[in-house]
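A.B. asks: Here you go, final14.pdb (PDB, C-alpha atoms):
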```
ATOM      1  CA  MET J   1       3.944  42.531  26.987
ATOM      2  CA  MET J   2       4.350  41.315  23.451
ATOM      3  CA  ARG J   3       1.620  39.251  21.834
ATOM      4  CA  THR J   4       2.368  36.991  18.874
ATOM      5  CA  PHE J   5      -0.339  36.052  16.388
ATOM      6  CA  THR J   6       0.517  33.177  14.069
ATOM      7  CA  ILE J   7      -1.682  31.902  11.253
ATOM      8  CA  VAL J   8      -0.494  28.584   9.837
ATOM      9  CA  VAL J   9      -1.607  26.991   6.594
ATOM     10  CA  ALA J  10      -0.883  23.518   7.894
ATOM     11  CA  CYS J  11      -1.317  21.568   4.685
ATOM     12  CA  SER J  12       1.411  23.613   2.986
ATOM     13  CA  LEU J  13       3.936  22.925   5.747
ATOM     14  CA  GLY J  14       4.204  19.175   5.288
ATOM     15  CA  LEU J  15       2.562  18.528   8.653
ATOM     16  CA  GLY J  16       0.344  15.729   7.393
ATOM     17  CA  GLY J  17      -3.126  15.326   5.904
ATOM     18  CA  CYS J  18      -6.115  17.578   6.480
ATOM     19  CA  GLY J  19      -8.995  15.259   7.281
ATOM     20  CA  ASP J  20     -11.792  14.689   9.765
ATOM     21  CA  GLU J  21     -11.283  13.347  13.260
ATOM     22  CA  ASP J  22     -12.043   9.686  13.853
ATOM     23  CA  ASP J  23     -14.943   8.821  16.158
ATOM     24  CA  PRO J  24     -13.763   9.092  19.788
ATOM     25  CA  PRO J  25     -13.441   5.946  21.921
ATOM     26  CA  SER J  26     -15.855   5.274  24.764
ATOM     27  CA  ALA J  27     -15.450   7.025  28.087
ATOM     28  CA  GLN J  28     -14.318   3.790  29.667
ATOM     29  CA  ALA J  29     -11.555   3.145  27.122
ATOM     30  CA  SER J  30      -8.252   1.696  28.227
ATOM     31  CA  THR J  31      -6.290   3.867  30.619
ATOM     32  CA  GLY J  32      -2.917   5.507  30.052
ATOM     33  CA  ALA J  33      -0.721   2.502  30.761
ATOM     34  CA  ALA J  34       3.003   3.023  31.182
ATOM     35  CA  VAL J  35       5.217   2.291  28.205
ATOM     36  CA  GLY J  36       8.569   0.575  28.102
ATOM     37  CA  SER J  37      10.105  -2.072  30.326
ATOM     38  CA  THR J  38       9.396  -1.812  34.048
ATOM     39  CA  SER J  39      11.440  -1.837  37.215
ATOM     40  CA  SER J  40      10.899  -0.487  40.697
ATOM     41  CA  ALA J  41      11.579   3.162  41.517
ATOM     42  CA  SER J  42      10.802   5.500  44.357
ATOM     43  CA  PRO J  43       7.492   7.340  43.951
ATOM     44  CA  SER J  44       7.551  11.103  43.718
ATOM     45  CA  THR J  45       6.068  13.350  46.325
ATOM     46  CA  GLY J  46       2.680  15.011  45.984
ATOM     47  CA  PRO J  47      -0.581  15.545  47.870
ATOM     48  CA  SER J  48      -3.230  12.809  48.264
ATOM     49  CA  THR J  49      -1.608  10.276  45.938
ATOM     50  CA  SER J  50      -0.765   6.625  45.762
ATOM     51  CA  GLY J  51       0.961   4.610  43.074
ATOM     52  CA  THR J  52       3.828   2.466  41.894
ATOM     53  CA  ALA J  53       6.641   3.853  39.784
ATOM     54  CA  GLN J  54       7.688   2.325  36.480
ATOM     55  CA  THR J  55      10.628   3.074  34.232
ATOM     56  CA  GLY J  56      11.091   2.789  30.494
ATOM     57  CA  SER J  57      13.136   3.875  27.521
ATOM     58  CA  THR J  58      12.094   6.644  25.175
ATOM     59  CA  ALA J  59       9.986   5.857  22.126
ATOM     60  CA  ALA J  60      13.139   5.444  20.063
ATOM     61  CA  GLY J  61      14.541   3.000  22.607
ATOM     62  CA  THR J  62      17.248   5.359  23.813
ATOM     63  CA  THR J  63      17.681   7.441  26.932
ATOM     64  CA  LEU J  64      18.071  11.180  27.114
ATOM     65  CA  ASP J  65      21.397  12.895  26.941
ATOM     66  CA  GLU J  66      21.938  14.940  30.072
ATOM     67  CA  ALA J  67      20.775  18.487  29.514
ATOM     68  CA  ASP J  68      22.641  21.580  30.609
ATOM     69  CA  SER J  69      21.231  22.998  33.814
ATOM     70  CA  THR J  70      19.825  26.503  33.369
ATOM     71  CA  GLY J  71      18.068  26.785  36.724
ATOM     72  CA  PRO J  72      19.193  28.329  39.997
ATOM     73  CA  SER J  73      22.116  27.001  42.008
ATOM     74  CA  GLY J  74      21.431  23.539  43.386
ATOM     75  CA  CYS J  75      19.185  22.425  40.520
ATOM     76  CA  VAL J  76      19.936  19.146  38.773
ATOM     77  CA  ALA J  77      19.725  18.923  34.990
ATOM     78  CA  ALA J  78      17.111  16.615  33.469
ATOM     79  CA  GLY J  79      18.397  13.317  32.167
ATOM     80  CA  GLY J  80      17.358   9.750  31.465
ATOM     81  CA  GLY J  81      13.911   8.236  31.562
ATOM     82  CA  PRO J  82      11.067   8.373  31.108
ATOM     83  CA  VAL J  83      10.089   7.131  34.556
ATOM     84  CA  LEU J  84       6.340   6.530  34.832
ATOM     85  CA  GLU J  85       4.161   6.253  37.908
ATOM     86  CA  ASP J  86       0.435   5.607  38.217
ATOM     87  CA  LEU J  87      -1.221   7.798  40.853
ATOM     88  CA  THR J  88      -4.563   8.448  42.490
ATOM     89  CA  LEU J  89      -5.281  12.115  43.158
ATOM     90  CA  VAL J  90      -8.173  13.379  45.273
ATOM     91  CA  ALA J  91     -10.208  16.377  44.104
ATOM     92  CA  ALA J  92     -11.555  18.916  46.582
ATOM     93  CA  ASP J  93     -14.969  17.202  46.643
ATOM     94  CA  GLY J  94     -13.396  13.806  47.404
ATOM     95  CA  THR J  95     -13.532  12.402  43.872
ATOM     96  CA  SER J  96     -10.654  10.026  43.093
ATOM     97  CA  ILE J  97      -8.798  10.970  39.913
ATOM     98  CA  ALA J  98      -6.548   8.453  38.168
ATOM     99  CA  ALA J  99      -3.303   9.837  36.783
ATOM    100  CA  THR J 100       0.045   8.851  35.295
ATOM    101  CA  VAL J 101       3.154  10.982  35.734
ATOM    102  CA  ALA J 102       6.149  10.718  33.403
ATOM    103  CA  ARG J 103       9.451  12.335  34.363
ATOM    104  CA  PRO J 104      13.167  12.271  33.583
ATOM    105  CA  ALA J 105      15.097   9.745  35.645
ATOM    106  CA  GLU J 106      16.971  12.617  37.268
ATOM    107  CA  GLY J 107      16.541  16.348  37.567
ATOM    108  CA  SER J 108      15.146  19.045  39.831
ATOM    109  CA  CYS J 109      13.648  22.525  39.372
ATOM    110  CA  LEU J 110      11.961  21.113  36.253
ATOM    111  CA  PRO J 111       8.923  22.605  34.521
ATOM    112  CA  GLY J 112       5.667  20.680  34.948
ATOM    113  CA  VAL J 113       2.806  20.207  32.513
ATOM    114  CA  LEU J 114      -0.674  18.840  33.165
ATOM    115  CA  LEU J 115      -2.257  17.025  30.202
ATOM    116  CA  VAL J 116      -6.072  16.978  30.039
ATOM    117  CA  HIS J 117      -7.819  14.668  27.562
ATOM    118  CA  GLN J 118     -10.971  15.349  25.618
ATOM    119  CA  TYR J 119     -14.513  14.150  26.271
ATOM    120  CA  LEU J 120     -15.046  10.376  25.880
ATOM    121  CA  ASN J 121     -11.317   9.721  25.926
ATOM    122  CA  ASP J 122      -8.818   9.161  28.744
ATOM    123  CA  ARG J 123      -5.226   9.824  29.745
ATOM    124  CA  GLY J 124      -4.029   7.144  27.349
ATOM    125  CA  GLN J 125      -4.291   9.664  24.503
ATOM    126  CA  TRP J 126      -1.172  11.361  25.909
ATOM    127  CA  THR J 127       1.235   8.388  26.074
ATOM    128  CA  ASP J 128       3.420   9.491  23.147
ATOM    129  CA  VAL J 129       3.111  13.172  24.060
ATOM    130  CA  GLN J 130       4.339  12.478  27.601
ATOM    131  CA  THR J 131       7.454  10.815  26.167
ATOM    132  CA  GLU J 132       8.198  13.926  24.083
ATOM    133  CA  PHE J 133       7.765  16.204  27.077
ATOM    134  CA  VAL J 134      10.111  14.095  29.195
ATOM    135  CA  ALA J 135      12.707  14.157  26.416
ATOM    136  CA  ALA J 136      12.475  17.962  26.570
ATOM    137  CA  GLY J 137      13.075  17.990  30.332
ATOM    138  CA  TYR J 138       9.491  18.293  31.603
ATOM    139  CA  VAL J 139       7.524  16.378  34.197
ATOM    140  CA  ALA J 140       4.233  15.493  32.458
ATOM    141  CA  LEU J 141       1.146  14.491  34.458
ATOM    142  CA  ALA J 142      -1.868  13.070  32.564
ATOM    143  CA  ILE J 143      -5.190  12.650  34.371
ATOM    144  CA  ASP J 144      -8.500  10.895  33.729
ATOM    145  CA  LEU J 145     -11.348  13.347  34.226
ATOM    146  CA  ARG J 146     -14.110  12.037  36.477
ATOM    147  CA  GLY J 147     -16.422   9.689  34.600
ATOM    148  CA  HIS J 148     -13.554   8.648  32.319
ATOM    149  CA  GLY J 149     -10.889   5.966  32.441
ATOM    150  CA  ASP J 150     -10.100   4.812  35.981
ATOM    151  CA  SER J 151     -11.430   7.875  37.815
ATOM    152  CA  ASP J 152     -14.558   7.965  39.984
ATOM    153  CA  PRO J 153     -17.924   8.612  38.315
ATOM    154  CA  GLN J 154     -19.215  12.109  37.715
ATOM    155  CA  GLN J 155     -22.294  13.644  39.350
ATOM    156  CA  GLY J 156     -25.371  13.480  37.115
ATOM    157  CA  GLU J 157     -25.196  12.869  33.386
ATOM    158  CA  LEU J 158     -21.743  12.483  31.842
ATOM    159  CA  SER J 159     -22.462  15.440  29.570
ATOM    160  CA  SER J 160     -22.761  17.660  32.655
ATOM    161  CA  LEU J 161     -18.950  17.712  32.752
ATOM    162  CA  LEU J 162     -18.944  19.914  29.673
ATOM    163  CA  ASN J 163     -20.413  22.902  31.523
ATOM    164  CA  ASP J 164     -20.464  22.261  35.278
ATOM    165  CA  PRO J 165     -17.911  24.498  37.068
ATOM    166  CA  ASP J 166     -18.087  22.290  40.189
ATOM    167  CA  GLN J 167     -16.816  19.074  38.607
ATOM    168  CA  ALA J 168     -14.029  18.811  35.996
ATOM    169  CA  PRO J 169     -12.293  22.062  37.039
ATOM    170  CA  GLN J 170     -11.715  20.410  40.432
ATOM    171  CA  ASP J 171     -10.001  17.479  38.700
ATOM    172  CA  VAL J 172      -7.658  19.873  36.912
ATOM    173  CA  ALA J 173      -7.017  21.770  40.149
ATOM    174  CA  ALA J 174      -6.009  18.503  41.834
ATOM    175  CA  GLY J 175      -3.493  17.870  39.050
ATOM    176  CA  VAL J 176      -2.062  21.379  39.289
ATOM    177  CA  GLN J 177      -1.746  21.075  43.060
ATOM    178  CA  TRP J 178       0.100  17.774  42.706
ATOM    179  CA  LEU J 179       2.595  19.288  40.269
ATOM    180  CA  ALA J 180       3.107  22.326  42.511
ATOM    181  CA  ALA J 181       3.874  20.096  45.507
ATOM    182  CA  ASP J 182       6.278  17.730  43.729
ATOM    183  CA  ALA J 183       9.841  18.123  45.008
ATOM    184  CA  GLY J 184      11.412  17.908  41.548
ATOM    185  CA  ILE J 185       9.240  20.594  39.931
ATOM    186  CA  ASP J 186       9.549  24.379  39.902
ATOM    187  CA  ASP J 187       6.042  25.476  40.954
ATOM    188  CA  GLN J 188       6.500  28.777  39.099
ATOM    189  CA  ARG J 189       6.854  26.913  35.779
ATOM    190  CA  LEU J 190       3.567  25.056  35.427
ATOM    191  CA  ALA J 191       1.347  24.753  32.365
ATOM    192  CA  VAL J 192      -1.854  22.962  31.352
ATOM    193  CA  VAL J 193      -2.289  21.449  27.868
ATOM    194  CA  GLY J 194      -5.671  20.124  26.773
ATOM    195  CA  THR J 195      -7.810  19.056  23.829
ATOM    196  CA  SER J 196     -11.513  19.843  23.355
ATOM    197  CA  ILE J 197     -13.037  19.877  26.887
ATOM    198  CA  GLY J 198      -9.442  19.579  28.082
ATOM    199  CA  ALA J 199      -8.669  22.717  26.080
ATOM    200  CA  ASN J 200     -11.575  24.512  27.723
ATOM    201  CA  LEU J 201     -10.334  23.383  31.117
ATOM    202  CA  SER J 202      -6.791  24.560  30.371
ATOM    203  CA  VAL J 203      -8.113  28.063  29.718
ATOM    204  CA  VAL J 204     -10.170  27.919  32.930
ATOM    205  CA  ALA J 205      -7.060  26.884  34.886
ATOM    206  CA  LEU J 206      -5.138  29.841  33.457
ATOM    207  CA  HIS J 207      -8.005  32.188  34.329
ATOM    208  CA  GLN J 208      -8.234  30.873  37.893
ATOM    209  CA  GLY J 209      -4.493  31.054  38.514
ATOM    210  CA  GLY J 210      -1.915  28.588  39.748
ATOM    211  CA  VAL J 211      -0.368  27.976  36.331
ATOM    212  CA  ALA J 212       1.844  30.222  34.247
ATOM    213  CA  ALA J 213       0.643  29.152  30.798
ATOM    214  CA  ALA J 214      -2.032  27.192  28.956
ATOM    215  CA  VAL J 215      -2.215  25.459  25.591
ATOM    216  CA  ALA J 216      -5.731  24.942  24.248
ATOM    217  CA  VAL J 217      -6.262  22.694  21.226
ATOM    218  CA  SER J 218      -9.805  23.040  19.802
ATOM    219  CA  PRO J 219     -11.512  25.013  22.599
ATOM    220  CA  ARG J 220     -14.906  26.738  22.496
ATOM    221  CA  LEU J 221     -15.540  29.974  24.326
ATOM    222  CA  ASP J 222     -19.106  29.308  25.545
ATOM    223  CA  PRO J 223     -18.216  26.180  27.582
ATOM    224  CA  VAL J 224     -15.027  27.899  28.769
ATOM    225  CA  MET J 225     -17.159  30.636  30.292
ATOM    226  CA  ALA J 226     -19.560  28.099  31.818
ATOM    227  CA  LEU J 227     -16.752  26.022  33.333
ATOM    228  CA  ALA J 228     -15.194  29.203  34.727
ATOM    229  CA  GLY J 229     -18.461  30.096  36.481
ATOM    230  CA  MET J 230     -19.524  32.778  33.977
ATOM    231  CA  PRO J 231     -17.096  35.563  34.934
ATOM    232  CA  ALA J 232     -17.620  39.036  33.517
ATOM    233  CA  MET J 233     -14.389  38.516  31.592
ATOM    234  CA  LEU J 234     -11.559  36.009  31.441
ATOM    235  CA  SER J 235      -8.169  36.797  32.967
ATOM    236  CA  LEU J 236      -5.628  35.247  30.595
ATOM    237  CA  ASP J 237      -1.873  35.682  30.445
ATOM    238  CA  ASP J 238       0.332  33.311  28.414
ATOM    239  CA  LEU J 239      -1.940  31.375  26.053
ATOM    240  CA  PHE J 240      -1.260  29.247  22.957
ATOM    241  CA  CYS J 241      -4.494  28.405  21.113
ATOM    242  CA  ILE J 242      -4.701  25.974  18.184
ATOM    243  CA  ALA J 243      -7.764  25.212  16.054
ATOM    244  CA  ALA J 244      -8.659  23.993  12.570
ATOM    245  CA  ASP J 245     -10.605  26.495  10.511
ATOM    246  CA  ASN J 246     -13.344  23.998   9.574
ATOM    247  CA  ASP J 247     -13.761  22.457  13.035
ATOM    248  CA  GLY J 248     -17.286  22.938  14.399
ATOM    249  CA  GLY J 249     -18.216  25.249  11.551
ATOM    250  CA  GLY J 250     -15.421  27.577  12.574
ATOM    251  CA  ASP J 251     -16.457  27.925  16.233
ATOM    252  CA  GLN J 252     -13.147  26.673  17.607
ATOM    253  CA  ALA J 253     -11.092  28.965  15.372
ATOM    254  CA  ALA J 254     -13.272  31.956  16.276
ATOM    255  CA  SER J 255     -12.969  31.115  19.967
ATOM    256  CA  CYS J 256      -9.183  30.869  19.723
ATOM    257  CA  THR J 257      -9.004  34.160  17.862
ATOM    258  CA  GLN J 258     -11.057  35.986  20.479
ATOM    259  CA  MET J 259      -9.248  34.541  23.506
ATOM    260  CA  VAL J 260      -5.789  35.214  22.098
ATOM    261  CA  ALA J 261      -6.783  38.781  21.209
ATOM    262  CA  GLU J 262      -7.857  39.356  24.824
ATOM    263  CA  ALA J 263      -4.816  37.686  26.430
ATOM    264  CA  THR J 264      -2.393  40.048  28.171
ATOM    265  CA  GLY J 265       0.756  37.913  28.106
ATOM    266  CA  GLU J 266       2.677  36.031  25.449
ATOM    267  CA  ALA J 267      -0.152  34.746  23.284
ATOM    268  CA  ARG J 268       0.041  32.690  20.120
ATOM    269  CA  LEU J 269      -2.749  31.818  17.711
ATOM    270  CA  GLU J 270      -2.434  28.951  15.246
ATOM    271  CA  ILE J 271      -5.255  28.324  12.774
ATOM    272  CA  ILE J 272      -4.909  25.169  10.666
ATOM    273  CA  GLU J 273      -6.393  26.061   7.304
ATOM    274  CA  GLY J 274      -8.260  23.556   5.168
ATOM    275  CA  SER J 275      -8.814  21.107   8.037
ATOM    276  CA  SER J 276     -11.601  19.975  10.352
ATOM    277  CA  ALA J 277      -9.279  18.103  12.747
ATOM    278  CA  HIS J 278     -10.551  18.319  16.317
ATOM    279  CA  GLY J 279      -8.636  17.900  19.543
ATOM    280  CA  VAL J 280      -6.401  14.838  19.650
ATOM    281  CA  ALA J 281      -6.762  14.478  15.870
ATOM    282  CA  VAL J 282      -4.622  17.619  15.530
ATOM    283  CA  PHE J 283      -1.742  15.731  17.171
ATOM    284  CA  ASP J 284      -2.429  12.637  15.055
ATOM    285  CA  GLN J 285      -2.616  14.448  11.723
ATOM    286  CA  PHE J 286       0.042  17.080  12.345
ATOM    287  CA  PRO J 287       2.972  15.345  14.109
ATOM    288  CA  ARG J 288       4.916  18.572  14.717
ATOM    289  CA  THR J 289       2.214  19.870  17.065
ATOM    290  CA  THR J 290       3.851  18.597  20.260
ATOM    291  CA  ALA J 291       7.238  20.034  19.293
ATOM    292  CA  GLU J 292       5.623  23.415  18.572
ATOM    293  CA  ILE J 293       3.906  23.382  21.962
ATOM    294  CA  ILE J 294       7.111  22.460  23.777
ATOM    295  CA  GLY J 295       9.014  25.186  21.940
ATOM    296  CA  TRP J 296       6.447  27.802  22.967
ATOM    297  CA  LEU J 297       6.425  26.609  26.575
ATOM    298  CA  ASP J 298      10.235  26.716  26.628
ATOM    299  CA  ASP J 299       9.963  30.403  25.730
ATOM    300  CA  VAL J 300       7.298  31.412  28.249
ATOM    301  CA  LEU J 301       8.018  29.275  31.322
TER     302      LEU J 301
END
```
Since I need it in another form, could you write the structure as structure tokens?
C.D. replies:
Amino acid sequence: MMRTFTIVVACSLGLGGCGDEDDPPSAQASTGAAVGSTSSASPSTGPSTSGTAQTGSTAAGTTLDEADSTGPSGCVAAGGGPVLEDLTLVAADGTSIAATVARPAEGSCLPGVLLVHQYLNDRGQWTDVQTEFVAAGYVALAIDLRGHGDSDPQQGELSSLLNDPDQAPQDVAAGVQWLAADAGIDDQRLAVVGTSIGANLSVVALHQGGVAAAVAVSPRLDPVMALAGMPAMLSLDDLFCIAADNDGGGDQAASCTQMVAEATGEARLEIIEGSSAHGVAVFDQFPRTTAEIIGWLDDVL
């Protein structure tokens, strides 16, 4: 299969400034509340969940135009929304994981994306990103990792989540399983997008299977290997890896470069030159990031 390697000098592309990331909020920061006006709607299907649906307009205050259906016979084109629903997922070890799903008001056979926040943040970092995914015809599920937001506490010190293969990977697996079971989603078109620890976890999810693609923004290879249970080698197919060249002294960029080089599917590498932006700061400082991710996922899913 073809591999694509892309090096981007971000500051020359008019994507925004090239500065440092702001200090992250506390682990118990506000959760990913639904945006827009609310009204009742039927909850979607999925395993071990509870919640109340909410609806809202897009960020621009308008609804989607109905998209052309490109799926198999019987599929319904995405349109309208976003419709938001707060959920409680249950990980394999019984940990309750808070989540918010955003979807078009109508549509079936849609691609699904799981959004995984970075350490000391919560699913609220994805509010605007979820709106963009819905506008592109995706169902976007954002979770709070254990010990963060509204989810149950972690086992041991909070920092143990960074390397323990028996904790946060289970939270991600619960999100993937929910997407795969949802009646409106094509379970062959699932992806995980994450920042920092969320980026590491997106790579682990791709390695472990169950998703077709992963997008990792500011990952590091050492914790990826730890979270994956220290395999002899990673099994990676379609991977899009983004990192700033000055982030972590270059560790994130080096990790992206190595993982993309070893990927066997459609792989894309994007190095932001002249920047130390980390994780969610990449989205904040370079507003085209979400559109680039969606465009790549459109190609590979």
A.B. asks: Residue by residue, what does the PyMOL selection byres ((chain J and resi 132) around 12) grab here? Present the result as a PyMOL selection string.
C.D. replies: chain J and resi 57-60+63-64+81-82+102-104+113+126-131+133-140+287-295
A.B. asks: With the PyMOL selection byres ((chain J and resi 198) around 10) as the selection, what would be picked from this file? Answer as a ChimeraX atom specification, please.
C.D. replies: /J:115-119,145,162,168-169,172,192-197,199-204,215-219,279
A.B. asks: So which residues fall inside 7 Å of (-13.1, 20.9, 6.4) if we count all atoms listed in the file? Mind giving them as a ChimeraX atom specification?
C.D. replies: /J:246-247,274-276
A.B. asks: Mind pulling up the distance from atom CA of J:Val282 to atom CA of J:Cys241?
C.D. replies: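 Computing it gives 12.1 Å between the two atoms.
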A.B. asks: Give me, as a tab-separated table, the closest atom pair and its distance (Å, one decimal) for every residue of stretch 76-125 of chain J within a cut-off of 7 Å of stretch 181-191 of chain J, counting only C-alpha atoms, rows sorted by chain and rising number.
C.D. replies:
```
residue	atom	partner	partner_atom	distance
J:Gly107	CA	J:Gly184	CA	6.7
J:Ser108	CA	J:Gly184	CA	4.3
J:Cys109	CA	J:Asp186	CA	4.5
J:Leu110	CA	J:Ile185	CA	4.6
J:Pro111	CA	J:Arg189	CA	4.9
J:Gly112	CA	J:Leu190	CA	4.9
J:Val113	CA	J:Ala191	CA	4.8
J:Leu114	CA	J:Ala191	CA	6.3
```
A.B. asks: Could you write out as a PyMOL selection string the residues that the PyMOL selection byres ((chain J and resi 268) around 12) matches in the shown file?
C.D. replies: chain J and resi 2-8+213-217+237-243+256-267+269-271+292-293+295-297+299-300
